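Peer 1: Sharing input_25.cif below, mmCIF, C-alpha atoms:
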```cif
data_protein
loop_
_atom_site.group_PDB
_atom_site.id
_atom_site.type_symbol
_atom_site.label_atom_id
_atom_site.label_comp_id
_atom_site.auth_asym_id
_atom_site.auth_seq_id
_atom_site.Cartn_x
_atom_site.Cartn_y
_atom_site.Cartn_z
ATOM 1 C CA MET C 159 241.674 31.679 -61.442
ATOM 2 C CA GLN C 160 240.991 34.885 -59.505
ATOM 3 C CA GLU C 161 237.482 35.013 -60.918
ATOM 4 C CA ILE C 162 236.690 31.468 -59.760
ATOM 5 C CA LEU C 163 238.111 32.188 -56.298
ATOM 6 C CA PHE C 164 236.069 35.387 -56.086
ATOM 7 C CA TYR C 165 232.863 33.545 -56.898
ATOM 8 C CA ILE C 166 233.635 30.720 -54.442
ATOM 9 C CA PHE C 167 234.491 33.078 -51.578
ATOM 10 C CA SER C 168 231.610 35.461 -52.158
ATOM 11 C CA ALA C 169 229.102 32.614 -52.469
ATOM 12 C CA LEU C 170 230.419 31.128 -49.206
ATOM 13 C CA THR C 171 230.282 34.522 -47.483
ATOM 14 C CA LEU C 172 226.705 35.182 -48.522
ATOM 15 C CA LEU C 173 225.447 31.648 -47.855
ATOM 16 C CA CYS C 174 226.968 31.529 -44.373
ATOM 17 C CA GLY C 175 225.762 35.100 -43.733
ATOM 18 C CA LEU C 176 222.233 34.011 -44.558
ATOM 19 C CA LEU C 177 222.545 30.981 -42.289
ATOM 20 C CA VAL C 178 223.673 33.247 -39.420
ATOM 21 C CA VAL C 179 220.454 35.217 -39.455
ATOM 22 C CA PHE C 180 217.949 32.784 -40.950
ATOM 23 C CA ASN C 181 218.636 29.106 -40.386
ATOM 24 C CA PRO C 182 215.561 26.945 -41.085
ATOM 25 C CA PHE C 183 216.994 23.951 -39.202
ATOM 26 C CA SER C 184 218.181 25.477 -35.957
ATOM 27 C CA ARG C 185 217.513 28.579 -33.923
ATOM 28 C CA ASN C 186 220.372 27.919 -31.544
ATOM 29 C CA PRO C 187 222.633 31.018 -31.179
ATOM 30 C CA VAL C 188 225.669 28.693 -31.076
ATOM 31 C CA THR C 189 224.919 27.591 -34.658
ATOM 32 C CA SER C 190 224.661 31.239 -35.675
ATOM 33 C CA ALA C 191 228.024 31.959 -34.051
ATOM 34 C CA MET C 192 229.645 29.048 -35.918
ATOM 35 C CA PHE C 193 228.288 30.269 -39.242
ATOM 36 C CA LEU C 194 229.533 33.749 -38.346
ATOM 37 C CA VAL C 195 233.042 32.245 -38.054
ATOM 38 C CA LEU C 196 232.679 30.725 -41.541
ATOM 39 C CA THR C 197 231.454 34.077 -42.907
ATOM 40 C CA ILE C 198 234.464 35.867 -41.403
ATOM 41 C CA ILE C 199 236.928 33.314 -42.776
ATOM 42 C CA SER C 200 235.564 33.363 -46.321
ATOM 43 C CA MET C 201 235.515 37.134 -46.129
ATOM 44 C CA SER C 202 239.192 37.215 -45.248
ATOM 45 C CA GLY C 203 239.639 35.141 -48.438
ATOM 46 C CA LEU C 204 238.047 38.055 -50.296
ATOM 47 C CA PHE C 205 240.482 40.401 -48.513
ATOM 48 C CA VAL C 206 243.386 38.286 -49.789
ATOM 49 C CA LEU C 207 242.007 38.567 -53.320
ATOM 50 C CA LEU C 208 241.965 42.348 -52.813
ATOM 51 C CA LYS C 209 245.633 42.196 -51.734
ATOM 52 C CA ALA C 210 244.845 43.349 -48.195
ATOM 53 C CA PHE C 211 246.938 40.606 -46.572
ATOM 54 C CA PHE C 212 247.396 42.337 -43.223
ATOM 55 C CA LEU C 213 243.684 42.948 -42.859
ATOM 56 C CA ALA C 214 242.918 39.342 -43.795
ATOM 57 C CA ALA C 215 245.160 38.202 -40.925
ATOM 58 C CA VAL C 216 243.696 40.755 -38.509
ATOM 59 C CA GLN C 217 240.180 39.757 -39.540
ATOM 60 C CA ILE C 218 240.798 36.113 -38.629
ATOM 61 C CA LEU C 219 242.713 36.932 -35.435
ATOM 62 C CA VAL C 220 240.341 39.544 -34.047
ATOM 63 C CA TYR C 221 236.966 38.338 -35.307
ATOM 64 C CA ALA C 222 237.268 34.564 -35.512
ATOM 65 C CA GLY C 223 239.710 34.450 -32.608
ATOM 66 C CA ALA C 224 238.425 36.984 -30.110
ATOM 67 C CA VAL C 225 234.965 38.301 -30.937
ATOM 68 C CA ILE C 226 233.341 34.928 -31.639
ATOM 69 C CA VAL C 227 234.903 33.391 -28.540
ATOM 70 C CA LEU C 228 233.414 36.267 -26.554
ATOM 71 C CA PHE C 229 230.032 35.576 -28.165
ATOM 72 C CA LEU C 230 230.275 31.900 -27.261
ATOM 73 C CA PHE C 231 231.209 32.743 -23.663
ATOM 74 C CA VAL C 232 228.163 34.965 -23.317
ATOM 75 C CA ILE C 233 225.880 32.372 -24.948
ATOM 76 C CA MET C 234 227.225 29.886 -22.422
ATOM 77 C CA LEU C 235 226.306 32.240 -19.559
ATOM 78 C CA LEU C 236 222.769 32.738 -20.828
ATOM 79 C CA ASP C 237 219.917 30.325 -21.361
ATOM 80 C CA VAL C 238 219.585 29.243 -25.004
ATOM 81 C CA LYS C 239 216.791 26.743 -24.479
ATOM 82 C CA ASP C 240 214.301 29.581 -24.420
ATOM 83 C CA GLU C 241 215.343 30.743 -27.895
ATOM 84 C CA GLU C 242 214.795 27.282 -29.395
ATOM 85 C CA ARG C 243 211.193 27.193 -28.194
ATOM 86 C CA ARG C 244 210.295 30.355 -30.064
ATOM 87 C CA ARG C 245 209.238 30.197 -33.712
ATOM 88 C CA TYR C 246 209.808 32.697 -36.489
ATOM 89 C CA GLN C 247 206.833 35.026 -36.785
ATOM 90 C CA LYS C 248 205.786 34.262 -40.348
ATOM 91 C CA PHE C 249 204.386 37.679 -41.218
ATOM 92 C CA GLY C 250 207.323 39.536 -39.716
ATOM 93 C CA THR C 251 209.855 37.319 -41.489
ATOM 94 C CA PHE C 252 208.094 37.815 -44.816
ATOM 95 C CA LEU C 253 207.960 41.589 -44.344
ATOM 96 C CA GLY C 254 211.610 41.655 -43.319
ATOM 97 C CA PHE C 255 212.660 39.713 -46.428
ATOM 98 C CA ALA C 256 210.571 42.007 -48.644
ATOM 99 C CA ALA C 257 211.962 45.212 -47.144
ATOM 100 C CA VAL C 258 215.565 44.022 -47.268
ATOM 101 C CA THR C 259 215.239 42.761 -50.863
ATOM 102 C CA GLY C 260 213.849 46.147 -51.867
ATOM 103 C CA LEU C 261 216.748 47.953 -50.202
ATOM 104 C CA ALA C 262 219.300 45.636 -51.850
ATOM 105 C CA MET C 263 217.738 46.151 -55.295
ATOM 106 C CA LEU C 264 217.782 49.914 -54.789
ATOM 107 C CA ILE C 265 221.464 50.079 -53.832
ATOM 108 C CA ILE C 266 222.606 47.562 -56.489
ATOM 109 C CA ASN C 267 220.750 49.542 -59.144
ATOM 110 C CA THR C 268 222.462 52.718 -57.950
ATOM 111 C CA ILE C 269 225.892 51.050 -58.107
ATOM 112 C CA LYS C 270 225.214 49.758 -61.623
ATOM 113 C CA GLN C 271 224.062 53.148 -62.877
ATOM 114 C CA SER C 272 226.924 55.063 -61.295
ATOM 115 C CA GLY C 273 229.485 53.299 -63.524
ATOM 116 C CA VAL C 274 231.981 53.308 -60.635
ATOM 117 C CA SER C 275 233.533 50.101 -61.964
ATOM 118 C CA HIS C 276 234.801 51.868 -65.084
ATOM 119 C CA ALA C 277 235.975 54.961 -63.231
ATOM 120 C CA LEU C 278 238.192 53.145 -60.730
ATOM 121 C CA THR C 279 240.449 50.433 -62.154
ATOM 122 C CA GLY C 280 243.493 50.315 -59.899
ATOM 123 C CA ASP C 281 245.452 47.206 -59.059
ATOM 124 C CA GLY C 282 246.001 47.744 -55.357
ATOM 125 C CA VAL C 283 249.087 48.025 -53.149
ATOM 126 C CA ALA C 284 250.251 44.527 -52.282
ATOM 127 C CA GLU C 285 252.608 45.379 -49.417
ATOM 128 C CA THR C 286 251.962 45.758 -45.706
ATOM 129 C CA LYS C 287 254.880 48.132 -45.137
ATOM 130 C CA PRO C 288 253.206 51.264 -46.570
ATOM 131 C CA LEU C 289 250.132 50.505 -44.473
ATOM 132 C CA GLY C 290 252.217 50.434 -41.305
ATOM 133 C CA LYS C 291 253.956 53.652 -42.297
ATOM 134 C CA LEU C 292 250.636 55.357 -42.929
ATOM 135 C CA LEU C 293 249.284 54.093 -39.616
ATOM 136 C CA PHE C 294 252.188 55.529 -37.613
ATOM 137 C CA THR C 295 252.588 58.839 -39.450
ATOM 138 C CA ASP C 296 249.399 60.323 -40.898
ATOM 139 C CA TYR C 297 247.052 58.371 -38.647
ATOM 140 C CA LEU C 298 249.076 58.523 -35.424
ATOM 141 C CA LEU C 299 246.540 60.632 -33.503
ATOM 142 C CA PRO C 300 243.531 58.402 -34.372
ATOM 143 C CA PHE C 301 245.678 55.398 -33.447
ATOM 144 C CA GLU C 302 246.331 56.809 -29.969
ATOM 145 C CA ILE C 303 242.672 57.783 -29.564
ATOM 146 C CA VAL C 304 241.646 54.219 -30.419
ATOM 147 C CA SER C 305 243.957 52.914 -27.707
ATOM 148 C CA ILE C 306 242.193 55.199 -25.210
ATOM 149 C CA LEU C 307 238.852 53.911 -26.527
ATOM 150 C CA LEU C 308 239.961 50.339 -25.839
ATOM 151 C CA LEU C 309 240.952 51.322 -22.291
ATOM 152 C CA VAL C 310 237.551 52.964 -21.750
ATOM 153 C CA ALA C 311 235.805 49.856 -23.118
ATOM 154 C CA MET C 312 237.815 47.689 -20.733
ATOM 155 C CA VAL C 313 236.895 49.830 -17.715
ATOM 156 C CA GLY C 314 233.276 49.873 -18.863
ATOM 157 C CA CYS C 315 233.140 46.086 -19.127
ATOM 158 C CA ILE C 316 234.552 45.631 -15.637
ATOM 159 C CA LEU C 317 232.087 48.160 -14.238
ATOM 160 C CA LEU C 318 229.116 46.584 -16.037
ATOM 161 C CA SER C 319 229.858 43.007 -15.105
ATOM 162 C CA LYS C 320 230.511 43.802 -11.442
ATOM 163 C CA ARG C 321 227.739 42.794 -9.089
ATOM 164 C CA GLU C 322 225.838 45.857 -7.902
ATOM 165 C CA GLU C 323 226.297 45.309 -4.185
ATOM 166 C CA THR C 324 226.729 48.960 -3.265
ATOM 167 C CA ALA C 325 223.566 50.069 -5.078
ATOM 168 C CA GLU C 326 221.519 47.315 -3.441
ATOM 169 C CA ALA C 327 222.954 48.149 -0.038
ATOM 170 C CA GLU C 328 221.986 51.785 -0.493
ATOM 171 C CA ALA C 329 218.459 50.783 -1.538
ATOM 172 C CA GLU C 330 218.037 48.860 1.679
ATOM 173 C CA MET R 194 234.978 38.534 -67.404
ATOM 174 C CA THR R 195 237.246 40.331 -64.982
ATOM 175 C CA ILE R 196 236.153 41.064 -61.465
ATOM 176 C CA GLY R 197 235.687 44.799 -60.987
ATOM 177 C CA LEU R 198 234.778 47.071 -58.111
ATOM 178 C CA GLU R 199 231.108 46.547 -58.910
ATOM 179 C CA HIS R 200 231.224 42.838 -58.031
ATOM 180 C CA TYR R 201 232.739 43.457 -54.616
ATOM 181 C CA LEU R 202 230.300 46.284 -53.917
ATOM 182 C CA ILE R 203 227.344 44.044 -54.749
ATOM 183 C CA VAL R 204 228.618 41.335 -52.383
ATOM 184 C CA SER R 205 229.034 44.010 -49.732
ATOM 185 C CA VAL R 206 225.505 45.355 -50.252
ATOM 186 C CA VAL R 207 223.957 41.893 -50.060
ATOM 187 C CA LEU R 208 225.924 41.118 -46.897
ATOM 188 C CA PHE R 209 224.785 44.410 -45.344
ATOM 189 C CA CYS R 210 221.186 43.561 -46.175
ATOM 190 C CA LEU R 211 221.586 40.112 -44.601
ATOM 191 C CA GLY R 212 222.811 41.759 -41.405
ATOM 192 C CA LEU R 213 219.850 44.128 -41.477
ATOM 193 C CA LEU R 214 217.530 41.166 -42.034
ATOM 194 C CA GLY R 215 218.983 39.535 -38.930
ATOM 195 C CA VAL R 216 218.267 42.640 -36.854
ATOM 196 C CA ILE R 217 214.724 42.791 -38.246
ATOM 197 C CA ILE R 218 213.557 39.177 -38.001
ATOM 198 C CA ARG R 219 215.429 37.781 -34.997
ATOM 199 C CA ARG R 220 214.322 38.717 -31.496
ATOM 200 C CA ASN R 221 217.284 37.323 -29.582
ATOM 201 C CA LEU R 222 219.680 40.092 -28.507
ATOM 202 C CA ILE R 223 222.803 38.025 -29.197
ATOM 203 C CA VAL R 224 221.743 37.075 -32.724
ATOM 204 C CA MET R 225 220.775 40.702 -33.373
ATOM 205 C CA TYR R 226 224.308 41.603 -32.325
ATOM 206 C CA MET R 227 225.671 39.116 -34.851
ATOM 207 C CA GLY R 228 223.589 40.908 -37.487
ATOM 208 C CA LEU R 229 225.295 44.158 -36.468
ATOM 209 C CA GLU R 230 228.669 42.466 -36.885
ATOM 210 C CA LEU R 231 227.684 41.342 -40.394
ATOM 211 C CA MET R 232 226.766 44.936 -41.286
ATOM 212 C CA LEU R 233 230.116 46.232 -39.995
ATOM 213 C CA ASN R 234 231.909 43.560 -42.019
ATOM 214 C CA ALA R 235 230.003 44.539 -45.150
ATOM 215 C CA ALA R 236 231.195 48.125 -44.690
ATOM 216 C CA ASN R 237 234.749 46.803 -44.241
ATOM 217 C CA LEU R 238 234.526 44.845 -47.488
ATOM 218 C CA ALA R 239 233.331 47.904 -49.401
ATOM 219 C CA LEU R 240 236.152 50.024 -47.946
ATOM 220 C CA VAL R 241 238.838 47.455 -48.805
ATOM 221 C CA ALA R 242 237.452 47.123 -52.327
ATOM 222 C CA PHE R 243 237.524 50.895 -52.854
ATOM 223 C CA SER R 244 241.026 51.037 -51.401
ATOM 224 C CA HIS R 245 242.175 48.306 -53.820
ATOM 225 C CA PHE R 246 240.700 49.824 -56.936
ATOM 226 C CA ARG R 247 241.896 53.356 -56.094
ATOM 227 C CA ASP R 248 245.496 52.305 -55.285
ATOM 228 C CA ASN R 249 245.084 54.156 -52.013
ATOM 229 C CA LEU R 250 245.729 52.696 -48.561
ATOM 230 C CA ASP R 251 243.551 55.099 -46.551
ATOM 231 C CA GLY R 252 240.595 52.735 -46.840
ATOM 232 C CA GLN R 253 242.570 49.904 -45.292
ATOM 233 C CA VAL R 254 243.618 52.108 -42.357
ATOM 234 C CA MET R 255 239.958 52.937 -41.809
ATOM 235 C CA VAL R 256 239.050 49.238 -41.847
ATOM 236 C CA PHE R 257 241.756 48.656 -39.232
ATOM 237 C CA PHE R 258 240.123 51.258 -36.982
ATOM 238 C CA ILE R 259 236.660 49.835 -37.645
ATOM 239 C CA ILE R 260 237.806 46.368 -36.569
ATOM 240 C CA THR R 261 239.267 47.807 -33.344
ATOM 241 C CA VAL R 262 236.161 49.820 -32.537
ATOM 242 C CA ALA R 263 233.941 46.819 -33.352
ATOM 243 C CA ALA R 264 235.910 44.666 -30.908
ATOM 244 C CA ALA R 265 235.456 47.279 -28.166
ATOM 245 C CA GLU R 266 231.783 47.619 -29.057
ATOM 246 C CA VAL R 267 231.208 43.867 -28.852
ATOM 247 C CA ALA R 268 232.891 43.681 -25.450
ATOM 248 C CA VAL R 269 230.770 46.485 -23.980
ATOM 249 C CA GLY R 270 227.575 45.298 -25.683
ATOM 250 C CA LEU R 271 227.907 41.738 -24.465
ATOM 251 C CA ALA R 272 228.645 42.993 -20.947
ATOM 252 C CA LEU R 273 225.413 45.004 -21.183
ATOM 253 C CA ILE R 274 223.496 41.914 -22.343
ATOM 254 C CA VAL R 275 224.846 39.884 -19.427
ATOM 255 C CA ALA R 276 223.934 42.672 -16.971
ATOM 256 C CA LEU R 277 220.451 42.843 -18.498
ATOM 257 C CA TYR R 278 220.034 39.079 -18.286
ATOM 258 C CA ARG R 279 221.031 39.156 -14.644
ATOM 259 C CA LYS R 280 218.341 41.746 -13.891
ATOM 260 C CA ARG R 281 215.476 40.527 -16.111
ATOM 261 C CA GLN R 282 216.261 36.816 -16.743
ATOM 262 C CA THR R 283 215.645 37.255 -20.475
ATOM 263 C CA ASN R 284 217.534 38.262 -23.591
ATOM 264 C CA ASP R 285 214.574 38.416 -25.916
ATOM 265 C CA VAL R 286 213.540 41.887 -27.034
ATOM 266 C CA THR R 287 209.823 41.035 -27.018
ATOM 267 C CA ASP R 288 210.064 40.647 -23.235
ATOM 268 C CA LEU R 289 211.815 43.987 -22.726
ATOM 269 C CA THR R 290 208.817 46.300 -22.795
ATOM 270 C CA SER R 291 209.241 48.423 -19.688
ATOM 271 C CA MET R 292 209.539 51.591 -21.821
ATOM 272 C CA LYS R 293 206.250 50.853 -23.605
ATOM 273 C CA LEU R 294 203.477 53.319 -22.795
#
```
What would you get if you wrote out this structure as structure tokens?
Peer 2:
Amino acid sequence: MQEILFYIFSALTLLCGLLVVFNPFSRNPVTSAMFLVLTIISMSGLFVLLKAFFLAAVQILVYAGAVIVLFLFVIMLLDVKDEERRRYQKFGTFLGFAAVTGLAMLIINTIKQSGVSHALTGDGVAETKPLGKLLFTDYLLPFEIVSILLLVAMVGCILLSKREETAEAEAE
Amino acid sequence: MTIGLEHYLIVSVVLFCLGLLGVIIRRNLIVMYMGLELMLNAANLALVAFSHFRDNLDGQVMVFFIITVAAAEVAVGLALIVALYRKRQTNDVTDLTSMKL
């Protein structure tokens, strides 16, 4: 059963991931964003198979719930008609596919030769409680630093999206 | 055949390469950003897989931090894109050539 679920979820993840970046039927960024949601959701299915239940929930809440909505807001603010008029540059697309396939082959070959699958055969920790304990004991300092980072990001966003009236007034 | 670490790592590698492909072939800043998100998610998948097969939760804590930092990064990056669009009326990288010699 787990094997079948793994293959279903990973096939969905990869198919939707491909459709995010290279969709032959539509170049609309909104379509890409929707396929990104599907990628995230099938990936949280993979997280559940890996017994990372908390992260699966966080993945859906933060990515599908917040990040994609932010993407859609920004797409709404910008002009997407322009993107639909442009075509894929054939030569560039071909070169990109070739380079990326080469890279993937290289890394997959390395993984296969390293024999990491035989060296590590744990069964995972299925509970969320130890994760929370770890987060608030060993990783307390990084946790606080991340909260400061979020504050800085918030201030940065407000500063960036403010209209630059003062700078323009000084220029005049 | 049981699913081992190798299977998850291969999915993660292919997903990373798809994200990279998006950054290479698409010229729209927003779609390039989505490619970056795919790459971050591929790294997350690899970390969770390692954490599972090592019986060690440190990987999951790291993924938690990566998700937080990625959310902050997306917020700032999209604010930058909007600011850029307001100034230049474009979000296509082929039009942003003011640093070209």
Peer 1: When the cut-off is 8 Å and we count only C-alpha atoms, which residues of chain R are near chain C, given as an MDAnalysis selection string?
Peer 2: chainID R and resid 194:199 202:204 206:208 210:215 217:219 221 223:224 227:228 231 238 241:242 244:251 253:254 256:258 260:262 264:269 271:273 275:276 278 285
Peer 1: In Å to one decimal, how far is atom CA of R:Ala263 from atom CA of R:Leu229?
Peer 2: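 A separation of 9.6 Å between them.
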Peer 1: Calculate how many Å separate atom CA of C:Leu196 from atom CA of R:Met232, rounding to one decimal.
Peer 2: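 Computed distance, atom CA of C:Leu196 to atom CA of R:Met232, equals 15.4 Å.
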